[in-house]
>>> print(open('start_11.txt').read())   # compact mmCIF, C-alpha atoms
# COMPACT_ATOMS: atom_id res chain seq x y z
CA MET A 1 27.82 69.07 198.76
CA SER A 2 26.92 68.72 195.09
CA GLU A 3 29.55 68.78 192.36
CA VAL A 4 30.54 72.25 191.25
CA SER A 5 31.69 73.05 187.74
CA VAL A 6 33.67 76.23 187.18
CA ASN A 7 34.80 77.42 183.79
CA LYS A 8 36.96 80.50 184.36
CA THR A 9 37.90 81.56 180.84
CA ASP A 10 39.82 84.57 179.58
CA ASP A 11 36.52 86.45 179.47
CA THR A 12 36.53 86.57 183.25
CA THR A 13 40.07 87.88 183.55
CA ARG A 14 39.95 91.52 184.67
CA ASP A 15 41.83 93.90 182.45
CA ASP A 16 44.54 96.21 183.75
CA ALA A 17 42.30 99.27 183.83
CA THR A 18 39.75 97.55 186.04
CA ARG A 19 42.47 96.30 188.37
CA GLN A 20 43.74 99.86 188.72
CA GLU A 21 40.25 101.06 189.61
CA SER A 22 39.95 98.35 192.23
CA VAL A 23 42.81 99.76 194.29
CA GLN A 24 41.10 103.14 194.72
CA GLY A 25 38.98 104.13 197.69
CA PRO A 26 35.84 102.17 198.58
CA VAL A 27 32.44 102.87 197.12
CA PHE A 28 30.74 101.23 200.09
CA ALA A 29 32.29 100.97 203.55
CA VAL A 30 30.32 98.89 206.05
CA GLU A 31 31.32 98.55 209.70
CA ASN A 32 29.81 96.46 212.50
CA LEU A 33 26.46 96.21 210.74
CA TRP A 34 23.60 94.46 212.52
CA LYS A 35 20.03 93.78 211.46
CA VAL A 36 17.95 92.16 214.17
CA PHE A 37 14.25 91.31 213.96
CA GLY A 38 12.14 90.86 217.07
CA PRO A 39 11.22 92.49 220.38
CA LYS A 40 13.76 95.00 221.71
CA ALA A 41 15.99 94.20 218.76
CA ASP A 42 18.15 97.27 219.38
CA ARG A 43 19.53 95.68 222.56
CA ILE A 44 21.09 92.68 220.81
CA PRO A 45 24.13 94.37 219.17
CA GLY A 46 25.29 95.76 222.50
CA ASP A 47 24.70 92.59 224.52
CA THR A 48 27.90 90.58 224.06
CA SER A 49 26.51 87.75 226.18
CA VAL A 50 24.27 86.66 223.28
CA HIS A 51 26.70 87.17 220.39
CA GLY A 52 27.99 83.61 220.52
CA LEU A 53 24.55 81.99 220.51
CA THR A 54 23.32 79.99 217.55
CA PRO A 55 20.25 81.38 215.73
CA ALA A 56 18.02 78.87 217.53
CA GLU A 57 19.52 79.72 220.93
CA LEU A 58 19.16 83.46 220.28
CA ARG A 59 15.49 83.07 219.38
CA ALA A 60 14.84 80.91 222.43
CA ARG A 61 16.49 83.37 224.82
CA THR A 62 15.45 86.71 223.33
CA GLY A 63 12.74 86.09 220.74
CA CYS A 64 14.96 87.82 218.18
CA THR A 65 16.56 86.80 214.90
CA ALA A 66 19.89 88.34 213.92
CA ALA A 67 19.75 88.34 210.10
CA VAL A 68 23.03 90.27 209.87
CA ARG A 69 25.60 89.92 212.67
CA ASP A 70 28.40 92.44 213.12
CA VAL A 71 29.39 92.53 209.42
CA SER A 72 32.23 94.73 208.16
CA PHE A 73 33.61 95.03 204.61
CA GLU A 74 34.50 97.50 201.86
CA VAL A 75 33.52 97.43 198.20
CA LYS A 76 36.28 98.89 196.03
CA LYS A 77 35.62 101.05 193.02
CA GLY A 78 35.40 99.00 189.83
CA GLU A 79 35.22 95.55 191.41
CA VAL A 80 32.62 92.80 191.35
CA PHE A 81 32.04 92.07 195.03
CA VAL A 82 30.08 88.84 195.56
CA VAL A 83 28.16 88.08 198.75
CA MET A 84 27.50 84.36 198.87
CA GLY A 85 25.67 82.06 201.24
CA LEU A 86 22.92 79.52 201.54
CA SER A 87 19.28 80.41 202.16
CA GLY A 88 18.95 82.19 205.50
CA SER A 89 22.58 83.33 205.62
CA GLY A 90 21.59 87.02 205.63
CA LYS A 91 22.99 88.01 202.24
CA SER A 92 19.78 89.48 200.78
CA THR A 93 19.01 91.36 203.99
CA LEU A 94 22.53 92.75 203.91
CA VAL A 95 22.30 94.13 200.37
CA ARG A 96 18.98 95.81 201.20
CA CYS A 97 20.59 97.48 204.20
CA LEU A 98 23.10 99.19 201.88
CA THR A 99 20.38 101.52 200.55
CA ARG A 100 18.10 101.22 203.58
CA LEU A 101 15.38 99.29 201.83
CA ILE A 102 15.71 97.51 205.15
CA GLU A 103 16.72 99.70 208.10
CA PRO A 104 19.84 98.41 209.90
CA THR A 105 19.61 97.96 213.66
CA SER A 106 23.09 99.36 214.27
CA GLY A 107 26.43 99.90 212.61
CA SER A 108 27.67 102.11 209.79
CA VAL A 109 27.04 102.20 206.02
CA VAL A 110 28.96 104.81 204.03
CA ILE A 111 28.87 105.44 200.26
CA ASP A 112 31.65 107.63 198.89
CA GLY A 113 32.22 109.09 202.34
CA GLU A 114 28.55 109.90 202.95
CA ASP A 115 26.71 108.31 205.89
CA VAL A 116 23.75 106.40 204.46
CA LEU A 117 22.12 106.01 207.89
CA ALA A 118 22.07 109.80 208.31
CA MET A 119 20.37 110.44 204.96
CA ASP A 120 16.92 112.04 204.98
CA LYS A 121 14.16 110.86 202.64
CA ASN A 122 15.27 113.09 199.79
CA ARG A 123 18.90 111.91 199.93
CA LEU A 124 17.77 108.29 200.16
CA ARG A 125 15.56 108.78 197.12
CA GLU A 126 18.52 110.27 195.24
CA LEU A 127 20.73 107.36 196.33
CA ARG A 128 18.29 104.75 195.04
CA ARG A 129 17.41 106.56 191.81
CA HIS A 130 20.84 107.76 190.74
CA ARG A 131 23.72 106.16 192.63
CA ALA A 132 22.83 102.55 193.42
CA SER A 133 20.44 100.59 191.20
CA MET A 134 19.16 97.16 192.17
CA VAL A 135 18.42 94.20 189.89
CA PHE A 136 16.03 91.74 191.52
CA GLN A 137 15.29 88.06 190.92
CA ASN A 138 11.63 88.69 190.11
CA PHE A 139 12.39 91.30 187.39
CA GLY A 140 9.68 93.72 188.63
CA LEU A 141 8.74 94.79 185.10
CA LEU A 142 5.58 96.80 184.35
CA PRO A 143 3.43 94.39 182.28
CA HIS A 144 1.46 97.09 180.43
CA ARG A 145 4.60 98.91 179.23
CA THR A 146 6.84 98.07 176.31
CA VAL A 147 10.45 97.01 176.71
CA LEU A 148 11.57 100.52 175.80
CA ASP A 149 9.27 102.19 178.30
CA ASN A 150 10.25 99.73 181.03
CA VAL A 151 13.92 100.55 180.46
CA ALA A 152 13.15 104.28 180.45
CA TYR A 153 11.06 104.10 183.64
CA GLY A 154 13.85 105.10 186.01
CA LEU A 155 14.70 108.08 183.81
CA GLU A 156 11.04 109.07 183.82
CA ILE A 157 11.02 108.99 187.62
CA GLN A 158 14.10 111.23 187.54
CA GLY A 159 12.13 113.78 185.50
CA MET A 160 13.93 113.36 182.17
CA GLY A 161 11.95 114.43 179.10
CA LYS A 162 10.30 111.77 176.94
CA THR A 163 12.46 112.21 173.84
CA GLU A 164 15.71 112.21 175.78
CA ARG A 165 14.84 109.25 177.98
CA ARG A 166 13.64 107.14 175.05
CA ALA A 167 16.86 107.87 173.18
CA LYS A 168 18.88 106.86 176.25
CA ALA A 169 16.75 103.73 176.68
CA MET A 170 17.38 102.75 173.05
CA GLU A 171 21.14 102.91 173.66
CA VAL A 172 20.91 100.64 176.70
CA VAL A 173 18.51 98.22 175.00
CA ALA A 174 21.11 97.72 172.29
CA LYS A 175 23.86 97.36 174.89
CA VAL A 176 22.15 94.36 176.55
CA GLY A 177 21.26 92.65 173.26
CA LEU A 178 17.54 93.43 173.01
CA ASP A 179 17.60 95.13 169.60
CA GLY A 180 14.34 94.63 167.74
CA LEU A 181 12.34 93.88 170.89
CA GLU A 182 11.76 97.48 171.96
CA GLN A 183 7.98 97.44 171.37
CA ARG A 184 7.26 94.06 172.92
CA ARG A 185 5.71 93.73 176.36
CA PRO A 186 7.21 91.63 179.17
CA GLY A 187 4.66 88.83 178.68
CA GLN A 188 6.00 88.32 175.15
CA LEU A 189 9.58 87.76 176.35
CA SER A 190 11.48 84.75 177.66
CA GLY A 191 12.83 84.72 181.21
CA GLY A 192 16.31 85.62 180.04
CA GLN A 193 14.98 88.49 177.93
CA GLN A 194 12.96 89.80 180.85
CA GLN A 195 16.06 89.77 183.02
CA ARG A 196 17.94 91.70 180.34
CA VAL A 197 15.19 94.32 180.49
CA GLY A 198 15.66 94.52 184.26
CA LEU A 199 19.40 94.90 183.80
CA ALA A 200 18.91 97.56 181.12
CA ARG A 201 16.53 99.52 183.35
CA ALA A 202 19.16 99.55 186.11
CA LEU A 203 21.91 100.60 183.68
CA ALA A 204 19.83 103.37 182.09
CA VAL A 205 20.11 105.65 185.13
CA ASP A 206 23.92 105.31 184.93
CA PRO A 207 24.38 104.32 188.59
CA GLU A 208 27.72 104.31 190.33
CA VAL A 209 27.07 100.81 191.63
CA LEU A 210 24.78 97.96 190.53
CA LEU A 211 23.29 95.77 193.26
CA PHE A 212 22.21 92.29 192.10
CA ASP A 213 20.01 90.26 194.44
CA GLU A 214 20.18 86.67 193.09
CA PRO A 215 19.00 87.95 189.70
CA PHE A 216 19.54 84.73 187.74
CA SER A 217 18.55 82.03 190.22
CA ALA A 218 15.13 81.46 188.62
CA LEU A 219 16.53 81.09 185.10
CA ASP A 220 17.30 77.89 183.22
CA PRO A 221 21.00 76.89 183.38
CA LEU A 222 21.83 77.88 179.80
CA ILE A 223 20.05 81.23 180.07
CA ARG A 224 21.70 81.79 183.43
CA ARG A 225 25.07 81.18 181.85
CA ASP A 226 24.27 83.70 179.11
CA MET A 227 23.32 86.32 181.70
CA GLN A 228 26.53 85.70 183.63
CA GLU A 229 28.44 86.29 180.41
CA GLU A 230 26.47 89.50 179.92
CA VAL A 231 27.45 90.78 183.37
CA ILE A 232 31.09 89.87 182.70
CA ARG A 233 31.01 91.66 179.34
CA LEU A 234 29.40 94.80 180.75
CA HIS A 235 31.88 94.91 183.62
CA ARG A 236 34.79 94.44 181.26
CA GLU A 237 33.55 97.25 178.98
CA GLU A 238 32.45 99.72 181.66
CA GLY A 239 34.36 98.81 184.83
CA ARG A 240 31.22 99.56 186.84
CA THR A 241 31.18 98.64 190.52
CA MET A 242 28.89 95.68 191.23
CA VAL A 243 27.65 93.95 194.37
CA PHE A 244 26.32 90.53 193.45
CA ILE A 245 24.27 88.30 195.79
CA THR A 246 24.15 84.57 195.07
CA HIS A 247 23.81 81.18 196.75
CA ASP A 248 25.67 79.47 193.90
CA LEU A 249 29.41 78.88 194.35
CA SER A 250 30.06 78.38 190.65
CA GLU A 251 28.45 81.75 189.92
CA ALA A 252 30.40 83.42 192.72
CA LEU A 253 33.74 82.10 191.49
CA ARG A 254 32.92 82.98 187.91
CA LEU A 255 31.90 86.58 188.56
CA GLY A 256 33.66 87.74 191.69
CA ASP A 257 36.85 89.73 192.09
CA ARG A 258 36.31 89.08 195.80
CA ILE A 259 33.83 86.85 197.59
CA MET A 260 32.34 87.27 201.06
CA LEU A 261 30.90 84.01 202.32
CA MET A 262 28.18 84.33 204.98
CA ARG A 263 26.62 81.90 207.41
CA ASP A 264 23.89 82.64 209.98
CA GLY A 265 24.24 86.36 209.34
CA ALA A 266 28.00 86.51 209.95
CA VAL A 267 31.02 86.64 207.66
CA VAL A 268 32.86 83.32 207.47
CA GLN A 269 35.53 84.33 204.95
CA LEU A 270 36.30 87.23 202.63
CA GLY A 271 38.86 86.87 199.87
CA THR A 272 39.57 86.36 196.19
CA PRO A 273 38.27 83.21 194.47
CA GLU A 274 41.82 81.85 194.64
CA GLU A 275 42.02 82.45 198.41
CA ILE A 276 38.61 80.92 199.05
CA VAL A 277 39.46 77.77 197.12
CA SER A 278 43.10 77.30 198.09
CA ARG A 279 42.96 78.55 201.69
CA PRO A 280 39.47 77.96 203.13
CA ALA A 281 39.03 79.58 206.53
CA ASP A 282 37.32 76.62 208.23
CA ASP A 283 35.61 73.30 207.64
CA TYR A 284 32.41 75.02 206.50
CA VAL A 285 34.20 76.80 203.66
CA ARG A 286 36.31 73.72 202.95
CA ASP A 287 33.13 71.71 202.46
CA PHE A 288 31.80 74.38 200.12
CA VAL A 289 34.82 74.33 197.81
CA ARG A 290 35.84 70.67 197.95
CA ASP A 291 34.44 69.89 194.47
CA VAL A 292 35.80 73.00 192.75
CA PRO A 293 38.42 72.24 190.05
CA ARG A 294 41.38 74.14 191.47
CA GLU A 295 43.03 74.54 188.09
CA GLN A 296 40.06 76.61 186.88
CA VAL A 297 40.38 79.11 189.74
CA ILE A 298 44.06 79.32 190.71
CA PRO A 299 46.42 81.48 188.60
CA VAL A 300 49.96 80.43 187.78
CA ARG A 301 51.45 83.09 190.07
CA SER A 302 50.48 80.73 192.90
CA ALA A 303 51.94 77.64 191.18
CA MET A 304 55.28 78.84 189.81
CA ARG A 305 58.75 77.92 191.03
CA PRO A 306 62.05 79.80 190.67
CA ALA A 307 63.68 79.68 187.21
CA GLU A 308 66.78 77.50 186.91
CA GLY A 309 69.63 77.98 184.43
CA ASP A 310 68.39 79.42 181.15
CA GLU A 311 64.70 78.87 182.03
CA ALA A 312 64.32 82.61 182.71
CA THR A 313 64.90 83.37 179.03
CA THR A 314 63.42 80.32 177.28
CA GLY A 315 59.96 78.88 176.94
CA VAL A 316 56.55 80.38 176.22
CA ALA A 317 55.76 83.55 178.19
CA ILE A 318 52.45 83.74 180.09
CA SER A 319 51.07 86.35 182.48
CA PRO A 320 50.84 85.80 186.27
CA ASP A 321 47.03 85.82 186.01
CA THR A 322 46.88 82.95 183.53
CA LEU A 323 44.79 80.17 185.04
CA VAL A 324 46.48 76.83 185.68
CA VAL A 325 44.07 75.08 183.29
CA ASP A 326 45.26 77.33 180.44
CA ALA A 327 48.91 76.94 181.43
CA ILE A 328 48.55 73.15 181.29
CA GLU A 329 47.44 73.48 177.67
CA ALA A 330 50.35 75.84 176.88
CA VAL A 331 52.89 73.47 178.45
CA ALA A 332 51.39 70.51 176.58
CA ARG A 333 51.58 72.38 173.27
CA SER A 334 55.16 73.56 173.70
CA GLY A 335 56.49 70.44 175.39
CA GLU A 336 58.49 72.54 177.85
CA HIS A 337 58.07 74.91 180.78
CA CYS A 338 56.36 78.29 180.56
CA ARG A 339 57.83 81.52 181.87
CA VAL A 340 55.60 83.65 184.13
CA VAL A 341 56.31 87.19 182.92
CA ASP A 342 55.09 90.53 184.25
CA ASN A 343 56.13 93.80 182.57
CA GLY A 344 58.95 92.02 180.74
CA ARG A 345 60.35 90.46 183.91
CA THR A 346 60.39 86.70 184.51
CA LEU A 347 58.90 86.01 187.94
CA GLY A 348 59.25 82.23 187.79
CA VAL A 349 58.31 79.20 185.73
CA VAL A 350 55.69 76.49 185.66
CA ASP A 351 56.14 73.02 184.24
CA HIS A 352 54.09 69.86 183.88
CA ALA A 353 54.88 68.55 187.37
CA ARG A 354 54.22 71.89 189.05
CA LEU A 355 50.86 72.35 187.37
CA LEU A 356 49.71 68.81 188.09
CA ALA A 357 50.55 69.38 191.75
CA VAL A 358 47.98 72.19 191.78
CA VAL A 359 45.38 69.95 190.16
CA ALA A 360 46.07 67.31 192.81
CA GLY A 361 45.65 69.88 195.56
CA ILE A 362 49.28 70.08 196.63
CA ASN A 363 49.76 73.65 197.80
CA GLY A 364 52.70 75.45 196.24
CA ASP A 365 51.43 78.91 197.12
CA ALA A 366 54.13 79.89 199.59
CA GLU A 367 57.02 79.30 197.21
CA GLY A 368 55.19 81.07 194.40
CA ARG A 369 54.60 84.13 196.58
CA GLU A 370 58.27 84.19 197.55
CA VAL A 371 59.31 84.19 193.89
CA ALA A 372 56.82 86.95 193.07
CA ALA A 373 58.23 89.08 195.88
CA VAL A 374 61.81 88.92 194.57
>>> encode(input="start_11.txt", output="structure tokens")
Amino acid sequence: MSEVSVNKTDDTTRDDATRQESVQGPVFAVENLWKVFGPKADRIPGDTSVHGLTPAELRARTGCTAAVRDVSFEVKKGEVFVVMGLSGSGKSTLVRCLTRLIEPTSGSVVIDGEDVLAMDKNRLRELRRHRASMVFQNFGLLPHRTVLDNVAYGLEIQGMGKTERRAKAMEVVAKVGLDGLEQRRPGQLSGGQQQRVGLARALAVDPEVLLFDEPFSALDPLIRRDMQEEVIRLHREEGRTMVFITHDLSEALRLGDRIMLMRDGAVVQLGTPEEIVSRPADDYVRDFVRDVPREQVIPVRSAMRPAEGDEATTGVAISPDTLVVDAIEAVARSGEHCRVVDNGRTLGVVDHARLLAVVAGINGDAEGREVAAV
């Protein structure tokens, strides 16, 4: 596994409002979802005798490929939910099943309490045009149209008048940093600028949820980083629900409130970046995260120890969500421990030894959770 670099700065820390939104009811609720390709594919979900077969064994026995295998999850309102996996893991098929761009074989997909699989053509059209917008890797821009008209295209499809939709498009163009490029055509733009147009077009229809299917994988590393920052900024400002598909662990850890890791169509682990890195579910996940700098993912709430003596009232105060890498700098500056404080209450403390233990991979999570529960 290649070396992974993660730089989880304050920009990626979710603000309190977004965290409150994340505890509300789910936008998407998916249960026991299957997508099988091949002859008599509808028989596979109900045939438990083949569920344990590897993809190669399933093809040999049935002629079928199970792209998505019995997947269940919920996407909470206001969160960035990342689906991650290598090529062939089923992640892109899965996201297309959410709006029935690909028809699921069996299972349940619900958006805001409404059964997506029961929707007729008109409801599906409304879902795709108004409620869930997708941003693709290949941009899908109309080459003969200007940036402004590309951004306004979804509004045009909705039937919005020209003056109104162009005014709305101008607002979104400015929001994604494309001011001054409104009259250019896609062929006159860089890859990063084209992807911003794609993002603006999705935002213009004001969808409840944005679906990203590996949108930045074809971009150069620096441009990709800029686009990740753009997604983080937009999420921080708007709190919009996002489902983000990627094969890149660094990107997943950087963007995700929660990450669902897939392999061969099935879910291997679902959890926060901290849980994925500090408590991998199996050797496959452990191999994925082995090169991740723990201090850039794990917050101090998982590294703190109980306060002793006057430690509860002395030292620099930091929040429970402060990353260990930032706490190390704070401890180094002050020359003493830091208090972990939430709503004016000291939950515990971190010091040089405690923080270095996290960097070294020594797990202090259990004790930290006990302190937080007091």
>>> closest_residue(input="start_11.txt", among="A:Met170, A:Leu181, A:Ala327, A:Val135", to="Gln195 (chain A)", atoms="all atoms listed in the file")
A:Val135
>>> atom_distance(input="start_11.txt", atom1="CA of Arg61 (chain A)", atom2="CA of Ser49 (chain A)")
11.0 Å
>>> closest_atom_pairs(input="start_11.txt", of="region 127-203 of chain A", to="region 95-108 of chain A", cutoff="9 Å", atoms="only C-alpha atoms", output="CSV")
residue,atom,partner,partner_atom,distance
A:Leu127,CA,A:Thr99,CA,7.2
A:Arg128,CA,A:Thr99,CA,6.7
A:Ala132,CA,A:Thr99,CA,7.6
>>> write_last_selection(input="start_11.txt", atoms="C-alpha atoms", output="mmCIF file, keeping the file's coordinate frame")
data_model
loop_
_atom_site.group_PDB
_atom_site.id
_atom_site.type_symbol
_atom_site.label_atom_id
_atom_site.label_comp_id
_atom_site.auth_asym_id
_atom_site.auth_seq_id
_atom_site.Cartn_x
_atom_site.Cartn_y
_atom_site.Cartn_z
ATOM 1 C CA LEU A 127 20.730 107.360 196.330
ATOM 2 C CA ARG A 128 18.290 104.750 195.040
ATOM 3 C CA ALA A 132 22.830 102.550 193.420
#
>>> closest_residue(input="start_11.txt", among="A:Thr322, A:Ser334, A:Thr313, A:Thr62", to="Thr346 (chain A)", atoms="all atoms listed in the file")
A:Thr313
>>> residues_around(input="start_11.txt", residues="region 257-265 of chain A", least_positions_apart="6", cutoff="7 Å", atoms="all atoms listed in the file", output="list in words")
Pro55, Ala66, Ala67, Val68, Arg69, Glu79, Val80, Phe81, Val82, Val83, Met84, Gly85, Gly88, Ser89, Gly90, Lys91, Gly271, Thr272 and Pro273 of chain A
>>> write_last_selection(input="start_11.txt", atoms="C-alpha atoms", output="PDB file, in the frame of the given file")
ATOM      1  CA  PRO A  55      20.250  81.380 215.730  1.00  0.00           C
ATOM      2  CA  ALA A  66      19.890  88.340 213.920  1.00  0.00           C
ATOM      3  CA  ALA A  67      19.750  88.340 210.100  1.00  0.00           C
ATOM      4  CA  VAL A  68      23.030  90.270 209.870  1.00  0.00           C
ATOM      5  CA  ARG A  69      25.600  89.920 212.670  1.00  0.00           C
ATOM      6  CA  GLU A  79      35.220  95.550 191.410  1.00  0.00           C
ATOM      7  CA  VAL A  80      32.620  92.800 191.350  1.00  0.00           C
ATOM      8  CA  PHE A  81      32.040  92.070 195.030  1.00  0.00           C
ATOM      9  CA  VAL A  82      30.080  88.840 195.560  1.00  0.00           C
ATOM     10  CA  VAL A  83      28.160  88.080 198.750  1.00  0.00           C
ATOM     11  CA  MET A  84      27.500  84.360 198.870  1.00  0.00           C
ATOM     12  CA  GLY A  85      25.670  82.060 201.240  1.00  0.00           C
ATOM     13  CA  GLY A  88      18.950  82.190 205.500  1.00  0.00           C
ATOM     14  CA  SER A  89      22.580  83.330 205.620  1.00  0.00           C
ATOM     15  CA  GLY A  90      21.590  87.020 205.630  1.00  0.00           C
ATOM     16  CA  LYS A  91      22.990  88.010 202.240  1.00  0.00           C
ATOM     17  CA  GLY A 271      38.860  86.870 199.870  1.00  0.00           C
ATOM     18  CA  THR A 272      39.570  86.360 196.190  1.00  0.00           C
ATOM     19  CA  PRO A 273      38.270  83.210 194.470  1.00  0.00           C
TER      20      PRO A 273
END
